[in-house]
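**Q** Sharing start_3.txt, compact mmCIF, C-alpha atoms:
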# COMPACT_ATOMS: atom_id res chain seq x y z
CA MET A 1 -23.07 -6.41 -8.43
CA GLU A 2 -20.06 -5.22 -6.44
CA PRO A 3 -16.65 -5.39 -8.15
CA LEU A 4 -14.00 -7.71 -6.78
CA PHE A 5 -11.40 -4.96 -6.39
CA SER A 6 -11.44 -1.26 -5.61
CA ILE A 7 -8.20 0.17 -6.98
CA ILE A 8 -7.61 3.44 -5.14
CA THR A 9 -5.20 6.16 -6.17
CA VAL A 10 -4.79 9.31 -4.09
CA THR A 11 -3.40 12.30 -5.96
CA TYR A 12 -2.47 15.93 -5.75
CA ASN A 13 -0.79 17.46 -8.80
CA ALA A 14 0.45 14.04 -9.93
CA ALA A 15 0.41 14.61 -13.69
CA ALA A 16 4.17 14.04 -13.97
CA VAL A 17 4.02 10.50 -12.54
CA ILE A 18 0.51 9.09 -12.93
CA GLN A 19 0.66 7.86 -16.53
CA PRO A 20 2.43 4.51 -15.77
CA THR A 21 -0.11 3.89 -13.02
CA LEU A 22 -3.03 4.40 -15.37
CA GLU A 23 -1.44 2.27 -18.10
CA SER A 24 -0.86 -0.64 -15.74
CA ILE A 25 -4.49 -0.55 -14.58
CA ARG A 26 -5.84 -0.37 -18.11
CA ARG A 27 -3.74 -3.36 -19.22
CA GLN A 28 -5.00 -5.76 -16.55
CA THR A 29 -6.50 -8.95 -17.95
CA ARG A 30 -8.91 -9.15 -15.01
CA THR A 31 -11.47 -6.37 -15.34
CA ASP A 32 -13.96 -6.74 -12.47
CA PHE A 33 -12.69 -3.69 -10.62
CA GLU A 34 -13.54 -0.07 -10.01
CA PHE A 35 -10.93 2.66 -10.12
CA LEU A 36 -11.32 5.36 -7.48
CA LEU A 37 -9.30 8.52 -7.91
CA ILE A 38 -9.33 10.58 -4.72
CA ASP A 39 -7.81 13.92 -5.65
CA GLY A 40 -6.93 16.86 -3.41
CA ALA A 41 -8.15 19.54 -5.87
CA SER A 42 -5.19 19.34 -8.27
CA THR A 43 -4.34 22.38 -10.37
CA ASP A 44 -2.28 20.52 -13.02
CA ASP A 45 -3.40 17.99 -15.65
CA THR A 46 -3.97 15.07 -13.27
CA LEU A 47 -7.73 14.91 -13.74
CA ALA A 48 -7.50 15.37 -17.51
CA LEU A 49 -5.06 12.46 -17.79
CA VAL A 50 -7.31 10.21 -15.73
CA ARG A 51 -10.33 11.05 -17.88
CA GLU A 52 -8.32 10.54 -21.08
CA ALA A 53 -7.23 7.10 -19.85
CA ASN A 54 -10.89 6.07 -20.11
CA ILE A 55 -10.57 3.21 -17.63
CA VAL A 56 -13.90 1.43 -17.24
CA GLY A 57 -15.30 1.82 -13.72
CA THR A 58 -13.52 5.10 -12.96
CA ARG A 59 -14.97 7.33 -10.26
CA ILE A 60 -13.36 10.65 -9.39
CA LEU A 61 -13.62 12.74 -6.26
CA SER A 62 -11.66 16.00 -6.37
CA GLU A 63 -11.81 18.30 -3.36
CA PRO A 64 -9.45 19.70 -0.70
CA ASP A 65 -8.41 17.23 1.98
CA ASN A 66 -6.34 17.08 5.14
CA GLY A 67 -3.52 15.02 3.71
CA LEU A 68 -2.86 11.56 2.29
CA TYR A 69 -4.49 9.46 5.00
CA ASP A 70 -7.59 11.66 5.18
CA ALA A 71 -7.99 11.07 1.43
CA MET A 72 -7.55 7.33 1.94
CA ASN A 73 -10.31 7.39 4.55
CA LYS A 74 -12.59 9.04 2.00
CA ALA A 75 -11.77 6.20 -0.37
CA ILE A 76 -12.65 3.54 2.21
CA ASP A 77 -16.03 5.21 2.77
CA ARG A 78 -16.78 5.26 -0.97
CA ALA A 79 -15.33 1.93 -2.10
CA ARG A 80 -17.68 -0.76 -3.40
CA GLY A 81 -15.20 -3.56 -4.09
CA GLN A 82 -14.75 -6.66 -1.97
CA TYR A 83 -11.02 -5.89 -1.69
CA LEU A 84 -9.22 -2.56 -1.36
CA LEU A 85 -5.95 -1.96 -3.21
CA PHE A 86 -4.13 1.35 -2.71
CA LEU A 87 -1.94 2.15 -5.71
CA ASN A 88 -0.11 5.45 -5.41
CA ALA A 89 0.46 7.70 -8.40
CA GLY A 90 3.80 6.60 -9.88
CA ASP A 91 3.45 3.04 -8.64
CA ALA A 92 2.12 0.36 -10.99
CA PHE A 93 1.17 -3.28 -11.32
CA ALA A 94 4.26 -5.33 -12.14
CA ASP A 95 2.56 -7.07 -15.08
CA ASP A 96 -0.80 -7.48 -16.81
CA THR A 97 -1.88 -10.54 -14.80
CA VAL A 98 -1.59 -9.21 -11.25
CA LEU A 99 -5.33 -8.80 -10.63
CA ALA A 100 -5.98 -12.21 -12.21
CA ARG A 101 -3.47 -13.85 -9.85
CA MET A 102 -4.97 -12.10 -6.85
CA ALA A 103 -8.48 -13.05 -7.93
CA GLU A 104 -7.48 -16.72 -7.77
CA LYS A 105 -6.56 -16.22 -4.13
CA ALA A 106 -9.74 -14.23 -3.44
CA VAL A 107 -11.95 -17.28 -4.10
CA GLU A 108 -11.47 -18.46 -0.53
CA LYS A 109 -11.98 -14.89 0.82
CA PRO A 110 -8.79 -14.41 2.86
CA GLY A 111 -8.57 -11.25 4.92
CA VAL A 112 -5.42 -10.07 3.14
CA ILE A 113 -3.96 -10.92 -0.26
CA TYR A 114 -0.32 -9.86 -0.52
CA GLY A 115 2.90 -10.27 -2.45
CA GLN A 116 6.33 -8.96 -3.37
CA THR A 117 7.40 -5.51 -4.53
CA ARG A 118 10.24 -4.34 -6.73
CA LEU A 119 11.69 -0.83 -6.94
CA VAL A 120 11.72 1.28 -10.10
CA ASN A 121 13.24 4.68 -10.85
CA ASP A 122 11.62 7.59 -12.65
CA ARG A 123 12.62 6.04 -16.00
CA ARG A 124 10.67 2.89 -14.98
CA LYS A 125 13.84 0.85 -14.81
CA VAL A 126 13.87 -1.88 -12.17
CA VAL A 127 16.60 -1.01 -9.68
CA GLY A 128 16.17 -3.88 -7.24
CA LYS A 129 13.98 -5.49 -4.61
CA ARG A 130 12.74 -3.98 -1.37
CA HIS A 131 15.21 -4.67 1.41
CA LEU A 132 12.33 -6.28 3.32
CA THR A 133 10.76 -9.38 1.80
CA ALA A 134 7.14 -10.44 2.17
CA PRO A 135 6.98 -13.76 4.07
CA ARG A 136 5.07 -16.79 2.85
CA ARG A 137 3.12 -16.77 6.11
CA LEU A 138 1.90 -13.41 7.37
CA THR A 139 0.35 -12.50 10.73
CA TRP A 140 0.09 -9.28 12.70
CA ARG A 141 3.20 -10.31 14.63
CA SER A 142 5.21 -10.33 11.39
CA PHE A 143 5.35 -6.54 11.38
CA ALA A 144 7.37 -6.61 14.60
CA ASN A 145 10.28 -7.01 12.17
CA GLY A 146 9.30 -3.96 10.13
CA MET A 147 6.81 -3.40 7.32
CA LEU A 148 7.55 -6.65 5.52
CA VAL A 149 4.81 -6.08 2.94
CA CYS A 150 4.68 -2.85 0.98
CA HIS A 151 1.35 -1.09 1.49
CA GLN A 152 0.59 -1.20 -2.24
CA ALA A 153 1.09 -4.98 -2.23
CA PHE A 154 -1.21 -5.42 0.79
CA VAL A 155 -4.78 -5.94 -0.47
CA THR A 156 -7.44 -5.92 2.22
CA ARG A 157 -10.97 -7.27 2.37
CA ARG A 158 -13.17 -4.21 2.69
CA ASP A 159 -15.17 -5.48 5.68
CA LEU A 160 -11.91 -5.64 7.69
CA ALA A 161 -10.64 -2.18 6.74
CA PRO A 162 -10.69 0.47 9.49
CA HIS A 163 -10.04 4.16 8.94
CA TYR A 164 -6.43 5.29 9.02
CA ASP A 165 -5.41 6.88 12.32
CA LEU A 166 -4.83 10.54 11.47
CA ASN A 167 -2.71 10.96 14.60
CA TYR A 168 0.07 9.43 12.48
CA ARG A 169 1.15 11.76 9.70
CA TYR A 170 3.74 9.60 7.91
CA SER A 171 3.25 5.98 9.00
CA ALA A 172 -0.48 5.53 9.46
CA ASP A 173 -0.30 2.78 6.81
CA PHE A 174 1.99 0.73 9.08
CA ASP A 175 -0.49 0.99 11.95
CA TRP A 176 -3.40 0.28 9.58
CA CYS A 177 -1.84 -2.92 8.24
CA ILE A 178 -1.26 -4.24 11.75
CA ARG A 179 -4.86 -3.52 12.74
CA VAL A 180 -6.13 -5.27 9.62
CA LEU A 181 -3.94 -8.31 10.29
CA LYS A 182 -5.15 -8.54 13.87
CA LYS A 183 -8.70 -8.96 12.51
CA SER A 184 -7.77 -11.33 9.69
CA SER A 185 -7.82 -15.05 10.45
CA ARG A 186 -6.27 -16.11 7.14
CA ASN A 187 -4.05 -14.37 4.57
CA ALA A 188 -3.04 -15.42 1.06
CA TYR A 189 0.41 -15.06 -0.52
CA VAL A 190 0.25 -14.46 -4.28
CA GLY A 191 3.70 -15.90 -4.96
CA ASP A 192 7.32 -14.96 -5.44
CA GLU A 193 6.85 -12.98 -8.66
CA PRO A 194 6.48 -9.23 -7.84
CA ILE A 195 3.01 -7.76 -8.07
CA ILE A 196 3.91 -4.07 -7.59
CA ASP A 197 6.45 -1.69 -9.11
CA PHE A 198 7.16 0.88 -6.41
CA LEU A 199 8.47 4.28 -7.53
CA GLN A 200 11.37 5.31 -5.31
CA GLY A 201 10.69 8.47 -3.32
CA GLY A 202 7.35 9.61 -1.90
CA LEU A 203 6.10 11.10 1.35
CA THR A 204 7.74 8.57 3.67
CA ARG A 205 11.09 8.90 1.92
CA LYS A 206 11.03 12.69 2.10
CA HIS A 207 10.32 12.58 5.84
CA HIS A 208 12.35 9.48 6.61
CA ARG A 209 13.33 10.25 10.22
CA LYS A 210 9.84 11.36 11.23
CA SER A 211 8.41 8.25 9.62
CA LEU A 212 10.85 6.00 11.46
CA TRP A 213 9.98 7.64 14.78
CA GLU A 214 6.27 7.08 14.16
CA ARG A 215 6.92 3.45 13.25
CA PHE A 216 8.94 2.99 16.43
CA ARG A 217 6.03 4.34 18.49
CA ILE A 218 3.60 2.07 16.67
CA MET A 219 5.80 -0.98 17.25
CA CYS A 220 6.11 -0.15 20.95
CA ARG A 221 2.32 0.06 21.15
CA TYR A 222 1.71 -3.37 19.64
CA TYR A 223 4.84 -5.35 20.53
CA GLY A 224 6.13 -3.74 23.73
CA THR A 225 8.85 -1.14 24.27
CA GLY A 226 11.56 -3.52 25.49
CA LYS A 227 11.20 -5.98 22.65
CA THR A 228 11.01 -3.13 20.13
CA LEU A 229 14.26 -1.62 21.44
CA VAL A 230 16.03 -4.97 21.13
CA ARG A 231 14.75 -5.42 17.59
CA HIS A 232 15.93 -1.94 16.61
CA ILE A 233 19.44 -2.78 17.75
CA LYS A 234 19.25 -5.77 15.41
CA PHE A 235 17.86 -3.51 12.65
CA PHE A 236 20.87 -1.22 13.09
CA PHE A 237 23.35 -4.04 12.51
CA ARG A 238 21.22 -5.44 9.67
CA ASN A 239 21.40 -2.08 7.91
CA LEU A 240 25.16 -1.91 8.44
CA LEU A 241 25.57 -5.29 6.77
CA ARG A 242 23.32 -4.22 3.92
CA LYS A 243 25.54 -1.22 3.24
Please express the file's structure as structure tokens.
**A**
Amino acid sequence: MEPLFSIITVTYNAAAVIQPTLESIRRQTRTDFEFLLIDGASTDDTLALVREANIVGTRILSEPDNGLYDAMNKAIDRARGQYLLFLNAGDAFADDTVLARMAEKAVEKPGVIYGQTRLVNDRRKVVGKRHLTAPRRLTWRSFANGMLVCHQAFVTRRDLAPHYDLNYRYSADFDWCIRVLKKSSRNAYVGDEPIIDFLQGGLTRKHHRKSLWERFRIMCRYYGTGKTLVRHIKFFFRNLLRK
């Protein structure tokens, strides 16, 4: 019988940050999931820590890859769960009931199950909310206003999940979410309580300008260049007010 969720973590030398991720998976009250670790041939203790965690349903693939999104594509090809949940090393479920709450929404088989995200630092202290808030009603047009739902809090029915477009190096997840939403006729909001603790930093943060440029190109593709330019002027003033 296929599990309800495939929890997917992509790693490369992630021993320093992966422990909270593993702990949050192991503590979930809902246990009908598999845990896929897609590793890029780490040379540190990443694999040892995953094996020591002894999470039921763990499957490990460790081999060289062509980057984060190539590894995610490998995960999509290997996943057996009805829903795919990408949980980066260092990120974690916000509490022990997250999978149980999502499972309640999965009964009616929505295309996407999603929720809110909060930010944590490397000491696991909550430092605030994302500056973008997940809406109660989500469609593919919602992302014209930016990536309103954090990728880790965006859980996709496997039959709707395409491969990530490897032409995008930093923001393929943004494009992927839009493509999923265009195929999904109904999406389910988990509620206002956060479901994901997002560790500040990461690939997108380190290459912020390149990521923003890719997102701009993606938005032009789906929402039109003129409308995207107007929205970015609004984004500029929104960010000024936020500061």
**Q** If you measure from atom CA of A:Phe174 to atom CA of A:Phe143, what distance in Å do you get, rounded to one decimal?
**A**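 We find that atom CA of A:Phe174 and atom CA of A:Phe143 lie 8.3 Å from each other.
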**Q** From the options A:Lys210, A:Arg217, A:Lys227, A:Arg158, which residue's atoms come nearest to A:Lys109, counting only C-alpha atoms?
**A**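 Of A:Lys210, A:Arg217, A:Lys227, A:Arg158, the one nearest A:Lys109, counting only C-alpha atoms, is A:Arg158.
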**Q** May I ask which of the residues A:Ser142, A:Ile233, A:Thr9, A:Val155 is the closest one to A:Arg59, counting all atoms listed in the file?
**A**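 Among the listed residues, the smallest separation from A:Arg59 belongs to A:Thr9.
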**Q** Rank nothing, just name the residue among A:Gly146, A:Gly224, A:Gly128, A:Gly191 nearest to A:Gln116, using only C-alpha atoms.
**A**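 The shortest atom-to-atom distance to A:Gln116 comes from A:Gly191.
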**Q** If I take atom CA of A:Ala16 and atom CA of A:His163, how far is one from the other in Å, to one decimal?
**A** 28.7 Å
**Q** Using atom CA of A:Arg130 and atom CA of A:Thr228 as the two end points, give the distance in Å to one decimal.
**A**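 So the answer is 21.6 Å.
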**Q** Residues proximal to (15.9, -6.5, -2.8) were defined as those with any atom within 10 Å of that point in the file's coordinates, counting only C-alpha atoms. Which are they, as a PyMOL selection string?
**A** chain A and resi 116-119+127-133
**Q** I need the residue nearest A:Ile18 from this list: A:Ser62, A:Lys74, A:Leu87, A:Arg80. Use all atoms listed in the file for the distance.
**A**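 Once distances to A:Ile18 are computed over all atoms listed in the file, the minimum belongs to A:Leu87.
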**Q** I'd like a table as CSV: residues in stretch 68-179 of chain A with an atom no more than 9 Å from stretch 25-35 of chain A, each row giving the shortest atom pair and its distance in Å to one decimal, all atoms listed in the file counted, sorted by chain and rising residue number.
**A**
residue,atom,partner,partner_atom,distance
A:Ala79,CA,A:Glu34,CA,8.4
A:Arg80,CA,A:Glu34,CA,7.8
A:Gly81,CA,A:Phe33,CA,7.0
A:Ala92,CA,A:Ile25,CA,7.6
A:Phe93,CA,A:Ile25,CA,7.1
A:Asp95,CA,A:Gln28,CA,7.8
A:Asp96,CA,A:Gln28,CA,4.5
A:Thr97,CA,A:Thr29,CA,5.8
A:Val98,CA,A:Gln28,CA,7.2
A:Leu99,CA,A:Arg30,CA,5.7
A:Ala100,CA,A:Arg30,CA,5.1
A:Arg101,CA,A:Arg30,CA,8.8
A:Ala103,CA,A:Arg30,CA,8.1
**Q** Nearest to A:Thr43: which of A:Leu166, A:Ile195, A:Cys220, A:Ala14 is it, counting all atoms listed in the file?
**A**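 Looking at the shortest contact to A:Thr43, the residue is A:Ala14.
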**Q** Write out as a PyMOL selection string the residues lying within 12 Å of A:Glu63, counting all atoms listed in the file and excluding same-chain residues fewer than 6 positions away.
**A** chain A and resi 10-12+37-43+47+70-71+74
**Q** From the set A:Leu181, A:Ala153, A:Met72, A:Leu229, which residue has the shortest atom-to-atom contact distance to A:Pro110, counting all atoms listed in the file?
**A**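 Counting all atoms listed in the file, the residue closest to A:Pro110 is A:Leu181.
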**Q** Considering all atoms listed in the file, return as a JSON list (two decimals) with C-alpha atoms, in the coordinates of the input whatever protein or nucleic-acid residues lie within 10 Å of A:Gln19, sequence-local ones (same chain, fewer than 3 positions apart) excluded.
**A**
[["chain", "number", "residue", "atom", "x", "y", "z"],
["A", 14, "ALA", "CA", 0.45, 14.04, -9.93],
["A", 15, "ALA", "CA", 0.41, 14.61, -13.69],
["A", 16, "ALA", "CA", 4.17, 14.04, -13.97],
["A", 22, "LEU", "CA", -3.03, 4.40, -15.37],
["A", 23, "GLU", "CA", -1.44, 2.27, -18.10],
["A", 24, "SER", "CA", -0.86, -0.64, -15.74],
["A", 46, "THR", "CA", -3.97, 15.07, -13.27],
["A", 49, "LEU", "CA", -5.06, 12.46, -17.79],
["A", 50, "VAL", "CA", -7.31, 10.21, -15.73],
["A", 53, "ALA", "CA", -7.23, 7.10, -19.85],
["A", 89, "ALA", "CA", 0.46, 7.70, -8.40],
["A", 90, "GLY", "CA", 3.80, 6.60, -9.88],
["A", 91, "ASP", "CA", 3.45, 3.04, -8.64],
["A", 92, "ALA", "CA", 2.12, 0.36, -10.99]]
**Q** Given 8 Å on each side, where is the centre and what are the edge lengths in Å to one decimal of the axis-aligned box enclosing the listed atoms of stretch 164-180 of chain A, as AutoDock Vina command-line options?
**A**
--center_x -1.3 --center_y 3.2 --center_z 10.7 --size_x 26.2 --size_y 33.0 --size_z 23.8
